[in-house]
Amino acid sequence: MGKSMNRSYWDRVSEDYQREILSVFDNDLHGTVEEKIAATALAYPGGRAADLGCGIGRFTPLLADTFEAVEACDYSKVGLKKTKSRCRSRRNVAFYEVDLVRDAVPFEPVDCVLCVNVLIMPSLGKRLRAWRSVVNQVATGGTLLLVVPSYESAQMEFYRAIKSRLERGEKSAVAIRKSIDERATVSDMRMGVLQLDGVRTKHYFRDEVESMVEDREFELRATLKVEYAIEPGDKEATSWDWMVVARRRK
Ligand SMILES: C[S@@+](CC[C@H](N)C(=O)[O-])C[C@H]1O[C@@H](n2cnc3c(N)ncnc32)[C@H](O)[C@@H]1O
């Protein structure tokens, strides 16, 4: 049976996060997320931020250094404990164990919500509930910084895998067969649920994540690639997540 993305999965992953997960904070080639956090902090002097699904707290100290007050939440106890320990020298962070799918979020909406690779659960119903929680935590006039896995990026990895096999002289049919490691069902493929290290993970098309925010009272400000090197030192062939910057109208 495959691994499924629930709370105990995230507790286990959080024990050895750096090895298990591609950390956005540590691998963001151009520092795109950091730059947007800094720009957003400047726009809200004395503002409050939230790290929704903070994981082991890679971004939380940065938020604490740029915003007046920070609310950090996750449903993984292991992740939260690590976040607390990373933030021990900061006095402006509050921590909450919250399931974004099920629980009411126990703090007021904030000026800046950071939500990095949290809306990735394969279940549409759960994802929509978590998305509603994320939307509700952005104050009127506040900014959402949302990062999600890119379907286009996964497709480009597939394209490059085939290309390099063809260049090595393999026949098309063989190159295709050997490049498909995907065991997704047709329904998963249509829903953008691809396997990431054997775990069913929602991926988004650019237009899809843009519509998602525009459908919920947000004005889209920018969509950016958060790029990662596939091979160390290679800045040409990159993989990427989508980052959407959006402002809440009401
Ligand atoms: C890929 S990690 C990203 C962590 C962090 N945002 C970062 O970028 O380093 C996804 C995080 O989302 C959390 N998460 C997933 N589903 C959640 C839920 N329903 N409620 C709260 N947190 C959730 C997991 O526990 C995990 O820490």
# chains A, B, ... in the order shown; residues from 1 in each chain; ligands from 1
$ residues_near_ligand --ligand "ligand 1" --cutoff "6 Å" --atoms "only C-alpha atoms and all ligand atoms" --output "list in words"
Trp10, Ser23, Val24, Gly53, Cys54, Gly55, Arg58, Asp74, Tyr75, Ser76, Gly79, Val98, Asp99, Leu100, Val101, Cys115, Val116, Asn117 and Val118 of chain A
$ write_last_selection --atoms "N, CA and C atoms" --output "PDB file, in the first residue's frame"
ATOM      1  N   TRP A  10       2.894  13.241   8.186  1.00  0.00           N
ATOM      2  CA  TRP A  10       3.653  14.494   8.357  1.00  0.00           C
ATOM      3  C   TRP A  10       4.476  14.490   9.637  1.00  0.00           C
ATOM      4  N   SER A  23      12.904  21.205   0.673  1.00  0.00           N
ATOM      5  CA  SER A  23      12.547  22.387   1.454  1.00  0.00           C
ATOM      6  C   SER A  23      12.607  23.626   0.568  1.00  0.00           C
ATOM      7  N   VAL A  24      11.485  24.312   0.449  1.00  0.00           N
ATOM      8  CA  VAL A  24      11.417  25.495  -0.403  1.00  0.00           C
ATOM      9  C   VAL A  24      12.418  26.536   0.086  1.00  0.00           C
ATOM     10  N   GLY A  53       0.489  26.010   8.138  1.00  0.00           N
ATOM     11  CA  GLY A  53       1.177  24.777   7.763  1.00  0.00           C
ATOM     12  C   GLY A  53       2.674  25.045   7.789  1.00  0.00           C
ATOM     13  N   CYS A  54       3.149  25.498   8.970  1.00  0.00           N
ATOM     14  CA  CYS A  54       4.536  25.987   9.082  1.00  0.00           C
ATOM     15  C   CYS A  54       5.562  24.873   9.004  1.00  0.00           C
ATOM     16  N   GLY A  55       5.126  23.596   9.116  1.00  0.00           N
ATOM     17  CA  GLY A  55       6.068  22.472   9.064  1.00  0.00           C
ATOM     18  C   GLY A  55       7.053  22.547  10.210  1.00  0.00           C
ATOM     19  N   ARG A  58      10.777  26.434   8.757  1.00  0.00           N
ATOM     20  CA  ARG A  58      11.870  26.993   7.954  1.00  0.00           C
ATOM     21  C   ARG A  58      11.633  28.481   7.698  1.00  0.00           C
ATOM     22  N   ASP A  74       0.283  24.340  12.541  1.00  0.00           N
ATOM     23  CA  ASP A  74       0.429  23.103  11.774  1.00  0.00           C
ATOM     24  C   ASP A  74      -0.321  22.036  12.558  1.00  0.00           C
ATOM     25  N   TYR A  75      -0.670  20.934  11.904  1.00  0.00           N
ATOM     26  CA  TYR A  75      -1.305  19.854  12.679  1.00  0.00           C
ATOM     27  C   TYR A  75      -0.306  18.799  13.109  1.00  0.00           C
ATOM     28  N   SER A  76       0.955  18.949  12.696  1.00  0.00           N
ATOM     29  CA  SER A  76       1.971  17.991  13.127  1.00  0.00           C
ATOM     30  C   SER A  76       2.633  18.481  14.405  1.00  0.00           C
ATOM     31  N   GLY A  79       6.382  18.730  13.879  1.00  0.00           N
ATOM     32  CA  GLY A  79       6.732  19.943  13.141  1.00  0.00           C
ATOM     33  C   GLY A  79       6.682  21.166  14.044  1.00  0.00           C
ATOM     34  N   VAL A  98      -3.249  23.142  14.774  1.00  0.00           N
ATOM     35  CA  VAL A  98      -4.525  23.330  14.067  1.00  0.00           C
ATOM     36  C   VAL A  98      -4.580  22.406  12.856  1.00  0.00           C
ATOM     37  N   ASP A  99      -5.716  21.736  12.693  1.00  0.00           N
ATOM     38  CA  ASP A  99      -5.963  20.994  11.459  1.00  0.00           C
ATOM     39  C   ASP A  99      -6.756  21.930  10.541  1.00  0.00           C
ATOM     40  N   LEU A 100      -6.128  22.396   9.498  1.00  0.00           N
ATOM     41  CA  LEU A 100      -6.771  23.390   8.622  1.00  0.00           C
ATOM     42  C   LEU A 100      -7.997  22.826   7.907  1.00  0.00           C
ATOM     43  N   VAL A 101      -8.111  21.506   7.857  1.00  0.00           N
ATOM     44  CA  VAL A 101      -9.274  20.896   7.206  1.00  0.00           C
ATOM     45  C   VAL A 101     -10.474  20.886   8.153  1.00  0.00           C
ATOM     46  N   CYS A 115       1.561  30.450   2.907  1.00  0.00           N
ATOM     47  CA  CYS A 115       1.091  29.062   2.915  1.00  0.00           C
ATOM     48  C   CYS A 115       1.878  28.317   1.832  1.00  0.00           C
ATOM     49  N   VAL A 116       2.893  27.584   2.277  1.00  0.00           N
ATOM     50  CA  VAL A 116       3.836  26.969   1.333  1.00  0.00           C
ATOM     51  C   VAL A 116       3.653  25.449   1.292  1.00  0.00           C
ATOM     52  N   ASN A 117       3.220  24.985   0.155  1.00  0.00           N
ATOM     53  CA  ASN A 117       3.042  23.550  -0.110  1.00  0.00           C
ATOM     54  C   ASN A 117       2.256  22.811   0.975  1.00  0.00           C
ATOM     55  N   VAL A 118       1.124  23.391   1.296  1.00  0.00           N
ATOM     56  CA  VAL A 118       0.207  22.787   2.271  1.00  0.00           C
ATOM     57  C   VAL A 118      -1.059  22.301   1.561  1.00  0.00           C
TER      58      VAL A 118
END
$ residues_around --residues "Pro122 of chain A" --least-positions-apart "5" --cutoff "9 Å" --atoms "only C-alpha atoms" --output "list in words"
Met5, Arg127, Asp188, Met191, Gly192, Val193, Leu194, Arg200, Thr201 and Lys202 of chain A
$ write_last_selection --atoms "N, CA and C atoms" --output "PDB file, in the first residue's frame"
ATOM      1  N   MET A   5      -1.131  10.837   2.746  1.00  0.00           N
ATOM      2  CA  MET A   5      -0.742  12.100   3.334  1.00  0.00           C
ATOM      3  C   MET A   5      -1.652  12.483   4.501  1.00  0.00           C
ATOM      4  N   ARG A 127      -9.049  19.423   0.511  1.00  0.00           N
ATOM      5  CA  ARG A 127      -8.280  20.558  -0.019  1.00  0.00           C
ATOM      6  C   ARG A 127      -9.127  21.824  -0.028  1.00  0.00           C
ATOM      7  N   ASP A 188      -6.793  10.559 -11.137  1.00  0.00           N
ATOM      8  CA  ASP A 188      -5.739  11.330 -10.487  1.00  0.00           C
ATOM      9  C   ASP A 188      -5.060  12.265 -11.488  1.00  0.00           C
ATOM     10  N   MET A 191      -7.081  15.194 -12.160  1.00  0.00           N
ATOM     11  CA  MET A 191      -7.190  16.089 -11.006  1.00  0.00           C
ATOM     12  C   MET A 191      -5.840  16.702 -10.629  1.00  0.00           C
ATOM     13  N   GLY A 192      -4.813  16.400 -11.398  1.00  0.00           N
ATOM     14  CA  GLY A 192      -3.490  16.956 -11.096  1.00  0.00           C
ATOM     15  C   GLY A 192      -2.816  16.282  -9.910  1.00  0.00           C
ATOM     16  N   VAL A 193      -3.271  15.065  -9.591  1.00  0.00           N
ATOM     17  CA  VAL A 193      -2.676  14.362  -8.449  1.00  0.00           C
ATOM     18  C   VAL A 193      -1.585  13.416  -8.971  1.00  0.00           C
ATOM     19  N   LEU A 194      -0.336  13.834  -8.823  1.00  0.00           N
ATOM     20  CA  LEU A 194       0.799  13.054  -9.314  1.00  0.00           C
ATOM     21  C   LEU A 194       1.573  12.528  -8.114  1.00  0.00           C
ATOM     22  N   ARG A 200       0.794  10.505  -3.262  1.00  0.00           N
ATOM     23  CA  ARG A 200      -0.138  11.225  -4.140  1.00  0.00           C
ATOM     24  C   ARG A 200      -0.213  12.689  -3.702  1.00  0.00           C
ATOM     25  N   THR A 201       0.159  13.570  -4.613  1.00  0.00           N
ATOM     26  CA  THR A 201       0.313  14.981  -4.275  1.00  0.00           C
ATOM     27  C   THR A 201      -0.364  15.847  -5.333  1.00  0.00           C
ATOM     28  N   LYS A 202      -1.208  16.765  -4.911  1.00  0.00           N
ATOM     29  CA  LYS A 202      -1.877  17.664  -5.847  1.00  0.00           C
ATOM     30  C   LYS A 202      -0.875  18.630  -6.474  1.00  0.00           C
TER      31      LYS A 202
END
$ residues_around --residues "Ala43 of chain A" --least-positions-apart "6" --cutoff "12 Å" --atoms "only C-alpha atoms" --output "ChimeraX atom specification"
/A:36-37,66-67,111-112,141-143,247
$ atom_distance --atom1 "atom CA of Arg248 of chain A" --atom2 "atom CA of Glu217 of chain A"
5.9 Å
$ closest_residue --among "A:Ala94, A:Leu114, A:Ala39, A:Ala64" --to "Asp51 of chain A" --atoms "only C-alpha atoms"
A:Leu114
$ residues_around --residues "Tyr151 of chain A" --least-positions-apart "3" --cutoff "12 Å" --atoms "only C-alpha atoms" --output "list in words"
Ile120, Val148, Ala154, Gln155, Met156, Glu157, Phe158, Met189, Arg190, Met191, Gly192, Val193, Leu194, Gln195, Leu196, Thr201, Lys202, His203, Tyr204, Phe205, Arg206, Asp207, Glu208, Val209, Ser239, Trp240, Asp241 and Trp242 of chain A
$ closest_residue --among "A:Lys82, A:Arg221, A:Arg168, A:Arg129" --to "Glu15 of chain A" --atoms "only C-alpha atoms"
A:Lys82
$ closest_residue --among "A:Arg91, A:Arg12, A:Lys163, A:Lys81" --to "Ala175 of chain A" --atoms "only C-alpha atoms"
A:Lys163
$ select_by_dssp --residues "segment 117-188 of chain A" --states "alpha helix (DSSP H)" --output "ChimeraX atom specification"
/A:124-136,151-167,172-179,186-188
$ atom_distance --atom1 "atom CA of Ala237 of chain A" --atom2 "atom CA of Ser153 of chain A"
10.3 Å
$ select_by_dssp --residues "segment 187-218 of chain A" --states "strand (DSSP E)" --output "list in words"
Val193, Leu194, Gln195, Leu196, Val199, Arg200, Thr201, Lys202 and Phe218 of chain A
$ closest_residue --among "A:Leu145, A:Asp16, A:Ile56, A:Tyr9" --to "Glu35 of chain A" --atoms "only C-alpha atoms"
A:Leu145
$ residues_around --residues "Ala229 of chain A" --least-positions-apart "5" --cutoff "10 Å" --atoms "only C-alpha atoms" --output "mmCIF file with N, CA and C atoms, in the first residue's frame"
data_model
loop_
_atom_site.group_PDB
_atom_site.id
_atom_site.type_symbol
_atom_site.label_atom_id
_atom_site.label_comp_id
_atom_site.auth_asym_id
_atom_site.auth_seq_id
_atom_site.Cartn_x
_atom_site.Cartn_y
_atom_site.Cartn_z
ATOM 1 N N ASN A 27 16.012 25.661 -0.874
ATOM 2 C CA ASN A 27 16.354 25.362 -2.269
ATOM 3 C C ASN A 27 15.880 26.394 -3.280
ATOM 4 N N ASP A 28 15.186 27.396 -2.826
ATOM 5 C CA ASP A 28 14.663 28.472 -3.682
ATOM 6 C C ASP A 28 15.867 29.191 -4.331
ATOM 7 N N LEU A 29 16.122 28.867 -5.614
ATOM 8 C CA LEU A 29 17.347 29.312 -6.304
ATOM 9 C C LEU A 29 17.538 30.819 -6.278
ATOM 10 N N ASP A 234 23.289 23.492 -11.851
ATOM 11 C CA ASP A 234 22.674 23.685 -13.168
ATOM 12 C C ASP A 234 21.492 24.642 -13.035
ATOM 13 N N LYS A 235 21.664 25.872 -13.569
ATOM 14 C CA LYS A 235 20.579 26.849 -13.433
ATOM 15 C C LYS A 235 19.709 26.887 -14.679
ATOM 16 N N GLU A 236 20.012 26.030 -15.652
ATOM 17 C CA GLU A 236 19.249 26.017 -16.908
ATOM 18 C C GLU A 236 17.974 25.182 -16.758
ATOM 19 N N ALA A 237 18.176 23.871 -16.522
ATOM 20 C CA ALA A 237 17.019 22.980 -16.357
ATOM 21 C C ALA A 237 16.581 23.031 -14.904
ATOM 22 N N THR A 238 15.471 23.704 -14.649
ATOM 23 C CA THR A 238 15.014 23.807 -13.269
ATOM 24 C C THR A 238 13.651 23.144 -13.124
ATOM 25 N N SER A 239 13.320 22.805 -11.895
ATOM 26 C CA SER A 239 11.924 22.454 -11.602
ATOM 27 C C SER A 239 11.386 23.645 -10.806
ATOM 28 N N TRP A 240 10.091 23.709 -10.680
ATOM 29 C CA TRP A 240 9.564 24.886 -9.985
ATOM 30 C C TRP A 240 8.201 24.625 -9.342
#
$ atom_distance --atom1 "atom CA of Met243 of chain A" --atom2 "atom CA of Val33 of chain A"
7.8 Å
$ closest_residue --among "A:Thr223, A:Thr40, A:Ser89, A:Gln18" --to "Val113 of chain A" --atoms "only C-alpha atoms"
A:Thr40
$ closest_residue --among "A:Ile180, A:Ser85, A:Val135, A:Thr140" --to "Glu214 of chain A" --atoms "only C-alpha atoms"
A:Val135
